[in-house]
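Shown below: work-v7.cif, with mmCIF, C-alpha atoms.
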data_target
#
loop_
_atom_site.group_PDB
_atom_site.id
_atom_site.type_symbol
_atom_site.label_atom_id
_atom_site.label_comp_id
_atom_site.auth_asym_id
_atom_site.auth_seq_id
_atom_site.Cartn_x
_atom_site.Cartn_y
_atom_site.Cartn_z
ATOM 1 C CA ILE A 792 8.469 -3.283 5.468
ATOM 2 C CA SER A 793 5.888 -0.953 6.947
ATOM 3 C CA LEU A 794 6.537 2.481 5.480
ATOM 4 C CA VAL A 795 4.624 4.203 8.277
ATOM 5 C CA SER A 796 6.903 2.790 11.000
ATOM 6 C CA HIS A 797 9.922 5.001 10.300
ATOM 7 C CA THR A 798 8.798 7.961 12.393
ATOM 8 C CA ALA A 799 12.083 9.888 12.477
ATOM 9 C CA LEU A 800 12.530 9.578 8.711
ATOM 10 C CA MET A 801 8.892 10.506 8.053
ATOM 11 C CA THR A 802 8.857 13.620 10.210
ATOM 12 C CA ALA A 803 12.200 14.870 8.900
ATOM 13 C CA PHE A 804 11.317 14.182 5.266
ATOM 14 C CA MET A 805 7.842 15.727 5.534
ATOM 15 C CA ASN A 806 9.263 18.792 7.245
ATOM 16 C CA ASP A 807 12.258 19.291 4.942
ATOM 17 C CA VAL A 808 11.062 17.944 1.591
ATOM 18 C CA SER A 809 7.410 17.031 0.970
ATOM 19 C CA ALA A 810 4.675 15.069 2.700
ATOM 20 C CA ASP A 811 3.455 13.895 -0.718
ATOM 21 C CA MET A 812 6.743 12.113 -1.343
ATOM 22 C CA VAL A 813 7.424 10.519 2.054
ATOM 23 C CA PHE A 814 6.372 6.990 1.013
ATOM 24 C CA ALA A 815 7.680 7.391 -2.542
ATOM 25 C CA GLN A 816 11.161 8.107 -1.185
ATOM 26 C CA GLN A 817 11.095 4.923 0.869
ATOM 27 C CA VAL A 818 9.832 2.852 -2.078
ATOM 28 C CA TYR A 819 12.628 4.341 -4.169
ATOM 29 C CA GLY A 820 15.216 3.290 -1.586
ATOM 30 C CA TYR A 821 13.842 -0.086 -0.510
ATOM 31 C CA GLY A 822 11.917 -1.330 -3.548
ATOM 32 C CA ARG A 823 13.329 -3.776 -6.069
ATOM 33 C CA PRO A 824 11.879 -5.090 -9.324
ATOM 34 C CA GLY A 825 9.478 -7.921 -8.515
ATOM 35 C CA ASP A 826 8.715 -6.647 -4.994
ATOM 36 C CA ALA A 827 5.109 -5.819 -4.137
ATOM 37 C CA LEU A 828 3.696 -2.634 -2.647
ATOM 38 C CA ILE A 829 0.314 -2.644 -0.925
ATOM 39 C CA GLY A 830 -1.254 0.814 -0.765
ATOM 40 C CA LEU A 831 -4.268 1.668 1.388
ATOM 41 C CA SER A 832 -6.416 4.749 0.831
ATOM 42 C CA THR A 833 -10.120 5.046 1.520
ATOM 43 C CA SER A 834 -10.585 7.488 -1.374
ATOM 44 C CA GLY A 835 -7.901 5.989 -3.598
ATOM 45 C CA ASN A 836 -6.575 9.521 -4.058
ATOM 46 C CA SER A 837 -4.163 10.011 -1.147
ATOM 47 C CA ARG A 838 -1.249 11.793 -2.798
ATOM 48 C CA ASN A 839 1.426 10.170 -0.647
ATOM 49 C CA VAL A 840 0.097 6.695 -1.516
ATOM 50 C CA VAL A 841 -0.396 7.564 -5.212
ATOM 51 C CA ARG A 842 3.194 8.852 -5.449
ATOM 52 C CA ALA A 843 4.523 5.673 -3.825
ATOM 53 C CA LEU A 844 2.580 3.567 -6.335
ATOM 54 C CA GLN A 845 3.966 5.629 -9.226
ATOM 55 C CA VAL A 846 7.524 5.021 -8.043
ATOM 56 C CA ALA A 847 6.796 1.325 -7.517
ATOM 57 C CA LYS A 848 5.501 0.989 -11.096
ATOM 58 C CA ALA A 849 8.568 2.806 -12.441
ATOM 59 C CA LYS A 850 10.810 0.377 -10.535
ATOM 60 C CA GLY A 851 9.041 -2.702 -11.919
ATOM 61 C CA MET A 852 7.282 -3.590 -8.689
ATOM 62 C CA LYS A 853 3.849 -5.190 -8.386
ATOM 63 C CA THR A 854 1.178 -2.926 -6.935
ATOM 64 C CA ILE A 855 -1.884 -3.842 -4.905
ATOM 65 C CA GLY A 856 -4.461 -1.328 -3.720
ATOM 66 C CA LEU A 857 -7.160 -1.346 -1.075
ATOM 67 C CA THR A 858 -9.651 1.476 -1.594
ATOM 68 C CA GLY A 859 -13.268 2.475 -1.272
ATOM 69 C CA ARG A 860 -16.042 2.145 -3.825
ATOM 70 C CA THR A 861 -14.555 4.062 -6.783
ATOM 71 C CA GLY A 862 -10.869 3.172 -6.439
ATOM 72 C CA GLY A 863 -9.791 6.750 -7.196
ATOM 73 C CA ARG A 864 -6.409 7.320 -8.889
ATOM 74 C CA MET A 865 -5.063 4.128 -7.353
ATOM 75 C CA LYS A 866 -7.321 2.053 -9.595
ATOM 76 C CA GLU A 867 -5.242 2.912 -12.661
ATOM 77 C CA LEU A 868 -1.903 2.448 -10.852
ATOM 78 C CA CYS A 869 -2.481 -0.958 -9.296
ATOM 79 C CA ASP A 870 -1.980 -4.358 -10.843
ATOM 80 C CA ALA A 871 -4.742 -5.540 -8.500
ATOM 81 C CA VAL A 872 -7.161 -3.321 -6.627
ATOM 82 C CA ILE A 873 -9.749 -4.269 -4.046
ATOM 83 C CA CYS A 874 -12.505 -1.651 -3.885
ATOM 84 C CA VAL A 875 -14.801 -2.231 -0.926
ATOM 85 C CA PRO A 876 -18.349 -1.112 -1.790
ATOM 86 C CA TRP A 877 -18.605 1.629 0.817
ATOM 87 C CA ASP A 878 -18.225 5.408 0.796
ATOM 88 C CA SER A 879 -17.599 6.496 4.381
ATOM 89 C CA THR A 880 -14.053 6.323 5.745
ATOM 90 C CA PRO A 881 -14.858 4.314 8.905
ATOM 91 C CA ASP A 882 -16.879 1.771 6.901
ATOM 92 C CA ILE A 883 -14.086 1.383 4.349
ATOM 93 C CA GLN A 884 -11.377 1.019 7.000
ATOM 94 C CA GLU A 885 -13.452 -1.553 8.861
ATOM 95 C CA ARG A 886 -13.657 -3.682 5.682
ATOM 96 C CA HIS A 887 -9.975 -3.204 4.806
ATOM 97 C CA LEU A 888 -8.825 -4.796 8.051
ATOM 98 C CA PRO A 889 -9.961 -8.398 7.405
ATOM 99 C CA ILE A 890 -8.860 -8.145 3.752
ATOM 100 C CA TYR A 891 -5.393 -6.988 4.803
ATOM 101 C CA HIS A 892 -5.127 -9.792 7.348
ATOM 102 C CA ALA A 893 -6.282 -12.396 4.805
ATOM 103 C CA LEU A 894 -3.597 -11.200 2.366
ATOM 104 C CA CYS A 895 -0.939 -11.403 5.075
ATOM 105 C CA ILE A 896 -2.014 -14.919 6.083
ATOM 106 C CA ALA A 897 -1.938 -16.085 2.456
ATOM 107 C CA LEU A 898 1.521 -14.589 1.880
ATOM 108 C CA GLU A 899 2.932 -16.018 5.100
ATOM 109 C CA ASP A 900 1.489 -19.402 4.193
ATOM 110 C CA ARG A 901 2.992 -19.256 0.710
ATOM 111 C CA PHE A 902 6.457 -18.080 1.712
ATOM 112 C CA PHE A 903 6.971 -19.471 5.197
ATOM 113 C CA SER A 904 4.919 -22.659 5.396
ATOM 114 C CA PRO A 905 7.033 -25.727 6.147
ATOM 115 C CA TYR A 906 4.707 -27.664 3.795
ATOM 116 C CA PRO A 907 4.210 -25.541 0.641
ATOM 117 C CA GLU A 908 1.582 -26.805 -1.770
#
In structure tokens, what does this structure look like?
Amino acid sequence: ISLVSHTALMTAFMNDVSADMVFAQQVYGYGRPGDALIGLSTSGNSRNVVRALQVAKAKGMKTIGLTGRTGGRMKELCDAVICVPWDSTPDIQERHLPIYHALCIALEDRFFSPYPE
């Protein structure tokens, strides 16, 4: 489930409650123990992503992070973190894209392949 795709929920929640908690609220509602949350933040410190990861950990979910060089706060919250060795936002985002797609391909292969290994 893409947490950024629920535009009506996001705008209402950010306006009425808190932008920091917009993803956390969705993780709280949708997440189940054993599910996985992938968080992306170039700095690793985006509060809305950090809060979502905190909720995911509290719910017994697995957490994966894609960040820049240092990993930021996400580094301590993720079961697995991929820190691309760049500092500028465009450079980091450019490297996140093929990593994200590789993860999606591997997961689709594992869960939906007619010939699992």
Just need the box for region 832-844 of chain A, edges along x, y and z, holding every atom the file lists for it with 4 Å tacked onto each side, so centre and edge lengths in Å to one decimal, as AutoDock Vina command-line options.
--center_x -3.0 --center_y 7.7 --center_z -2.4 --size_x 23.1 --size_y 16.2 --size_z 15.9
| request: Specify as JSON, numbers by chain each residue included when the PyMOL selection byres ((chain A and resi 836-849) around 10) is applied to this file. | output: {"A": [809, 810, 811, 812, 813, 814, 815, 816, 817, 818, 819, 822, 823, 824, 825, 826, 827, 828, 829, 830, 831, 832, 833, 834, 835, 850, 851, 852, 853, 854, 855, 856, 858, 862, 863, 864, 865, 866, 868, 869, 870]}
Output file for the selection above: C-alpha atoms, as an mmCIF file, in the frame of the given file:
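The resulting again-v2.cif:
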data_model
loop_
_atom_site.group_PDB
_atom_site.id
_atom_site.type_symbol
_atom_site.label_atom_id
_atom_site.label_comp_id
_atom_site.auth_asym_id
_atom_site.auth_seq_id
_atom_site.Cartn_x
_atom_site.Cartn_y
_atom_site.Cartn_z
ATOM 1 C CA SER A 809 7.410 17.031 0.970
ATOM 2 C CA ALA A 810 4.675 15.069 2.700
ATOM 3 C CA ASP A 811 3.455 13.895 -0.718
ATOM 4 C CA MET A 812 6.743 12.113 -1.343
ATOM 5 C CA VAL A 813 7.424 10.519 2.054
ATOM 6 C CA PHE A 814 6.372 6.990 1.013
ATOM 7 C CA ALA A 815 7.680 7.391 -2.542
ATOM 8 C CA GLN A 816 11.161 8.107 -1.185
ATOM 9 C CA GLN A 817 11.095 4.923 0.869
ATOM 10 C CA VAL A 818 9.832 2.852 -2.078
ATOM 11 C CA TYR A 819 12.628 4.341 -4.169
ATOM 12 C CA GLY A 822 11.917 -1.330 -3.548
ATOM 13 C CA ARG A 823 13.329 -3.776 -6.069
ATOM 14 C CA PRO A 824 11.879 -5.090 -9.324
ATOM 15 C CA GLY A 825 9.478 -7.921 -8.515
ATOM 16 C CA ASP A 826 8.715 -6.647 -4.994
ATOM 17 C CA ALA A 827 5.109 -5.819 -4.137
ATOM 18 C CA LEU A 828 3.696 -2.634 -2.647
ATOM 19 C CA ILE A 829 0.314 -2.644 -0.925
ATOM 20 C CA GLY A 830 -1.254 0.814 -0.765
ATOM 21 C CA LEU A 831 -4.268 1.668 1.388
ATOM 22 C CA SER A 832 -6.416 4.749 0.831
ATOM 23 C CA THR A 833 -10.120 5.046 1.520
ATOM 24 C CA SER A 834 -10.585 7.488 -1.374
ATOM 25 C CA GLY A 835 -7.901 5.989 -3.598
ATOM 26 C CA LYS A 850 10.810 0.377 -10.535
ATOM 27 C CA GLY A 851 9.041 -2.702 -11.919
ATOM 28 C CA MET A 852 7.282 -3.590 -8.689
ATOM 29 C CA LYS A 853 3.849 -5.190 -8.386
ATOM 30 C CA THR A 854 1.178 -2.926 -6.935
ATOM 31 C CA ILE A 855 -1.884 -3.842 -4.905
ATOM 32 C CA GLY A 856 -4.461 -1.328 -3.720
ATOM 33 C CA THR A 858 -9.651 1.476 -1.594
ATOM 34 C CA GLY A 862 -10.869 3.172 -6.439
ATOM 35 C CA GLY A 863 -9.791 6.750 -7.196
ATOM 36 C CA ARG A 864 -6.409 7.320 -8.889
ATOM 37 C CA MET A 865 -5.063 4.128 -7.353
ATOM 38 C CA LYS A 866 -7.321 2.053 -9.595
ATOM 39 C CA LEU A 868 -1.903 2.448 -10.852
ATOM 40 C CA CYS A 869 -2.481 -0.958 -9.296
ATOM 41 C CA ASP A 870 -1.980 -4.358 -10.843
#
| task | Do a neighbour search on region 886-900 of chain A at 9 Å with all atoms listed in the file, toss out local chain neighbours closer than 2 positions, and write the hits as a list of chain:residue names. | result | A:Leu831, A:Thr833, A:Leu857, A:Thr858, A:Gly859, A:Ile873, A:Val875, A:Trp877, A:Pro881, A:Asp882, A:Ile883, A:Gln884, A:Phe902, A:Phe903, A:Ser904, A:Pro905, A:Tyr906, A:Pro907
Could those residues be written to a file, using C-alpha atoms, as a PDB file, keeping the file's coordinate frame?
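File part_11.pdb, as written:
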ATOM      1  CA  LEU A 831      -4.268   1.668   1.388  1.00  0.00           C
ATOM      2  CA  THR A 833     -10.120   5.046   1.520  1.00  0.00           C
ATOM      3  CA  LEU A 857      -7.160  -1.346  -1.075  1.00  0.00           C
ATOM      4  CA  THR A 858      -9.651   1.476  -1.594  1.00  0.00           C
ATOM      5  CA  GLY A 859     -13.268   2.475  -1.272  1.00  0.00           C
ATOM      6  CA  ILE A 873      -9.749  -4.269  -4.046  1.00  0.00           C
ATOM      7  CA  VAL A 875     -14.801  -2.231  -0.926  1.00  0.00           C
ATOM      8  CA  TRP A 877     -18.605   1.629   0.817  1.00  0.00           C
ATOM      9  CA  PRO A 881     -14.858   4.314   8.905  1.00  0.00           C
ATOM     10  CA  ASP A 882     -16.879   1.771   6.901  1.00  0.00           C
ATOM     11  CA  ILE A 883     -14.086   1.383   4.349  1.00  0.00           C
ATOM     12  CA  GLN A 884     -11.377   1.019   7.000  1.00  0.00           C
ATOM     13  CA  PHE A 902       6.457 -18.080   1.712  1.00  0.00           C
ATOM     14  CA  PHE A 903       6.971 -19.471   5.197  1.00  0.00           C
ATOM     15  CA  SER A 904       4.919 -22.659   5.396  1.00  0.00           C
ATOM     16  CA  PRO A 905       7.033 -25.727   6.147  1.00  0.00           C
ATOM     17  CA  TYR A 906       4.707 -27.664   3.795  1.00  0.00           C
ATOM     18  CA  PRO A 907       4.210 -25.541   0.641  1.00  0.00           C
TER      19      PRO A 907
END
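One distance worth recording is that between CA of Ser796 (chain A) and CA of Ala871 (chain A), which is 24.2 Å.
From CA of Arg860 (chain A) back to CA of Pro876 (chain A), the distance works out to 4.5 Å.
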| query | CA of Ala803 (chain A) and CA of Gly820 (chain A) are how many Å apart? | reply | 15.9 Å
Please return region 799-823 of chain A, rebuilt to N, CA, C and O atoms, as a PDB file, in the frame of the given file.
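This is the output file selection13.pdb:
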ATOM      1  N   ALA A 799      11.060   8.837  12.591  1.00  0.00           N
ATOM      2  CA  ALA A 799      12.083   9.888  12.477  1.00  0.00           C
ATOM      3  C   ALA A 799      12.282  10.290  11.016  1.00  0.00           C
ATOM      4  O   ALA A 799      12.343  11.478  10.682  1.00  0.00           O
ATOM      5  N   LEU A 800      12.382   9.292  10.135  1.00  0.00           N
ATOM      6  CA  LEU A 800      12.530   9.578   8.711  1.00  0.00           C
ATOM      7  C   LEU A 800      11.310  10.340   8.187  1.00  0.00           C
ATOM      8  O   LEU A 800      11.450  11.335   7.474  1.00  0.00           O
ATOM      9  N   MET A 801      10.114   9.876   8.554  1.00  0.00           N
ATOM     10  CA  MET A 801       8.892  10.506   8.053  1.00  0.00           C
ATOM     11  C   MET A 801       8.789  11.972   8.474  1.00  0.00           C
ATOM     12  O   MET A 801       8.512  12.839   7.648  1.00  0.00           O
ATOM     13  N   THR A 802       9.012  12.239   9.749  1.00  0.00           N
ATOM     14  CA  THR A 802       8.857  13.620  10.210  1.00  0.00           C
ATOM     15  C   THR A 802       9.917  14.527   9.600  1.00  0.00           C
ATOM     16  O   THR A 802       9.617  15.649   9.199  1.00  0.00           O
ATOM     17  N   ALA A 803      11.141  14.055   9.503  1.00  0.00           N
ATOM     18  CA  ALA A 803      12.200  14.870   8.900  1.00  0.00           C
ATOM     19  C   ALA A 803      11.926  15.107   7.421  1.00  0.00           C
ATOM     20  O   ALA A 803      12.028  16.237   6.930  1.00  0.00           O
ATOM     21  N   PHE A 804      11.562  14.063   6.705  1.00  0.00           N
ATOM     22  CA  PHE A 804      11.317  14.182   5.266  1.00  0.00           C
ATOM     23  C   PHE A 804      10.121  15.090   4.986  1.00  0.00           C
ATOM     24  O   PHE A 804      10.176  15.954   4.109  1.00  0.00           O
ATOM     25  N   MET A 805       9.029  14.896   5.748  1.00  0.00           N
ATOM     26  CA  MET A 805       7.842  15.727   5.534  1.00  0.00           C
ATOM     27  C   MET A 805       8.125  17.195   5.850  1.00  0.00           C
ATOM     28  O   MET A 805       7.621  18.082   5.174  1.00  0.00           O
ATOM     29  N   ASN A 806       8.940  17.424   6.864  1.00  0.00           N
ATOM     30  CA  ASN A 806       9.263  18.792   7.245  1.00  0.00           C
ATOM     31  C   ASN A 806      10.208  19.453   6.246  1.00  0.00           C
ATOM     32  O   ASN A 806      10.026  20.612   5.881  1.00  0.00           O
ATOM     33  N   ASP A 807      11.214  18.711   5.782  1.00  0.00           N
ATOM     34  CA  ASP A 807      12.258  19.291   4.942  1.00  0.00           C
ATOM     35  C   ASP A 807      12.021  19.161   3.439  1.00  0.00           C
ATOM     36  O   ASP A 807      12.588  19.928   2.670  1.00  0.00           O
ATOM     37  N   VAL A 808      11.232  18.182   3.025  1.00  0.00           N
ATOM     38  CA  VAL A 808      11.062  17.944   1.591  1.00  0.00           C
ATOM     39  C   VAL A 808       9.591  18.078   1.207  1.00  0.00           C
ATOM     40  O   VAL A 808       9.168  19.118   0.738  1.00  0.00           O
ATOM     41  N   SER A 809       8.803  16.994   1.390  1.00  0.00           N
ATOM     42  CA  SER A 809       7.410  17.031   0.970  1.00  0.00           C
ATOM     43  C   SER A 809       6.648  15.852   1.555  1.00  0.00           C
ATOM     44  O   SER A 809       7.085  14.705   1.413  1.00  0.00           O
ATOM     45  N   ALA A 810       5.508  16.136   2.150  1.00  0.00           N
ATOM     46  CA  ALA A 810       4.675  15.069   2.700  1.00  0.00           C
ATOM     47  C   ALA A 810       4.165  14.153   1.593  1.00  0.00           C
ATOM     48  O   ALA A 810       3.982  12.956   1.810  1.00  0.00           O
ATOM     49  N   ASP A 811       3.942  14.703   0.411  1.00  0.00           N
ATOM     50  CA  ASP A 811       3.455  13.895  -0.718  1.00  0.00           C
ATOM     51  C   ASP A 811       4.435  12.811  -1.126  1.00  0.00           C
ATOM     52  O   ASP A 811       4.045  11.808  -1.714  1.00  0.00           O
ATOM     53  N   MET A 812       5.711  13.027  -0.850  1.00  0.00           N
ATOM     54  CA  MET A 812       6.743  12.113  -1.343  1.00  0.00           C
ATOM     55  C   MET A 812       7.335  11.205  -0.264  1.00  0.00           C
ATOM     56  O   MET A 812       8.261  10.456  -0.534  1.00  0.00           O
ATOM     57  N   VAL A 813       6.806  11.236   0.940  1.00  0.00           N
ATOM     58  CA  VAL A 813       7.424  10.519   2.054  1.00  0.00           C
ATOM     59  C   VAL A 813       7.442   9.007   1.820  1.00  0.00           C
ATOM     60  O   VAL A 813       8.444   8.344   2.092  1.00  0.00           O
ATOM     61  N   PHE A 814       6.371   8.422   1.292  1.00  0.00           N
ATOM     62  CA  PHE A 814       6.372   6.990   1.013  1.00  0.00           C
ATOM     63  C   PHE A 814       7.113   6.688  -0.285  1.00  0.00           C
ATOM     64  O   PHE A 814       7.780   5.669  -0.408  1.00  0.00           O
ATOM     65  N   ALA A 815       6.994   7.575  -1.260  1.00  0.00           N
ATOM     66  CA  ALA A 815       7.680   7.391  -2.542  1.00  0.00           C
ATOM     67  C   ALA A 815       9.190   7.298  -2.336  1.00  0.00           C
ATOM     68  O   ALA A 815       9.866   6.477  -2.972  1.00  0.00           O
ATOM     69  N   GLN A 816       9.725   8.123  -1.457  1.00  0.00           N
ATOM     70  CA  GLN A 816      11.161   8.107  -1.185  1.00  0.00           C
ATOM     71  C   GLN A 816      11.592   6.762  -0.608  1.00  0.00           C
ATOM     72  O   GLN A 816      12.626   6.220  -0.980  1.00  0.00           O
ATOM     73  N   GLN A 817      10.767   6.219   0.279  1.00  0.00           N
ATOM     74  CA  GLN A 817      11.095   4.923   0.869  1.00  0.00           C
ATOM     75  C   GLN A 817      10.987   3.796  -0.162  1.00  0.00           C
ATOM     76  O   GLN A 817      11.819   2.893  -0.186  1.00  0.00           O
ATOM     77  N   VAL A 818       9.972   3.855  -1.015  1.00  0.00           N
ATOM     78  CA  VAL A 818       9.832   2.852  -2.078  1.00  0.00           C
ATOM     79  C   VAL A 818      11.035   2.935  -3.011  1.00  0.00           C
ATOM     80  O   VAL A 818      11.584   1.917  -3.429  1.00  0.00           O
ATOM     81  N   TYR A 819      11.464   4.149  -3.311  1.00  0.00           N
ATOM     82  CA  TYR A 819      12.628   4.341  -4.169  1.00  0.00           C
ATOM     83  C   TYR A 819      13.867   3.686  -3.554  1.00  0.00           C
ATOM     84  O   TYR A 819      14.656   3.049  -4.241  1.00  0.00           O
ATOM     85  N   GLY A 820      14.037   3.844  -2.257  1.00  0.00           N
ATOM     86  CA  GLY A 820      15.216   3.290  -1.586  1.00  0.00           C
ATOM     87  C   GLY A 820      15.139   1.803  -1.314  1.00  0.00           C
ATOM     88  O   GLY A 820      16.121   1.081  -1.487  1.00  0.00           O
ATOM     89  N   TYR A 821      13.985   1.319  -0.907  1.00  0.00           N
ATOM     90  CA  TYR A 821      13.842  -0.086  -0.510  1.00  0.00           C
ATOM     91  C   TYR A 821      13.384  -1.003  -1.642  1.00  0.00           C
ATOM     92  O   TYR A 821      13.712  -2.181  -1.649  1.00  0.00           O
ATOM     93  N   GLY A 822      12.575  -0.492  -2.553  1.00  0.00           N
ATOM     94  CA  GLY A 822      11.917  -1.330  -3.548  1.00  0.00           C
ATOM     95  C   GLY A 822      12.852  -1.882  -4.601  1.00  0.00           C
ATOM     96  O   GLY A 822      13.800  -1.219  -5.023  1.00  0.00           O
ATOM     97  N   ARG A 823      12.576  -3.102  -5.017  1.00  0.00           N
ATOM     98  CA  ARG A 823      13.329  -3.776  -6.069  1.00  0.00           C
ATOM     99  C   ARG A 823      12.342  -4.339  -7.090  1.00  0.00           C
ATOM    100  O   ARG A 823      11.214  -4.669  -6.740  1.00  0.00           O
TER     101      ARG A 823
END
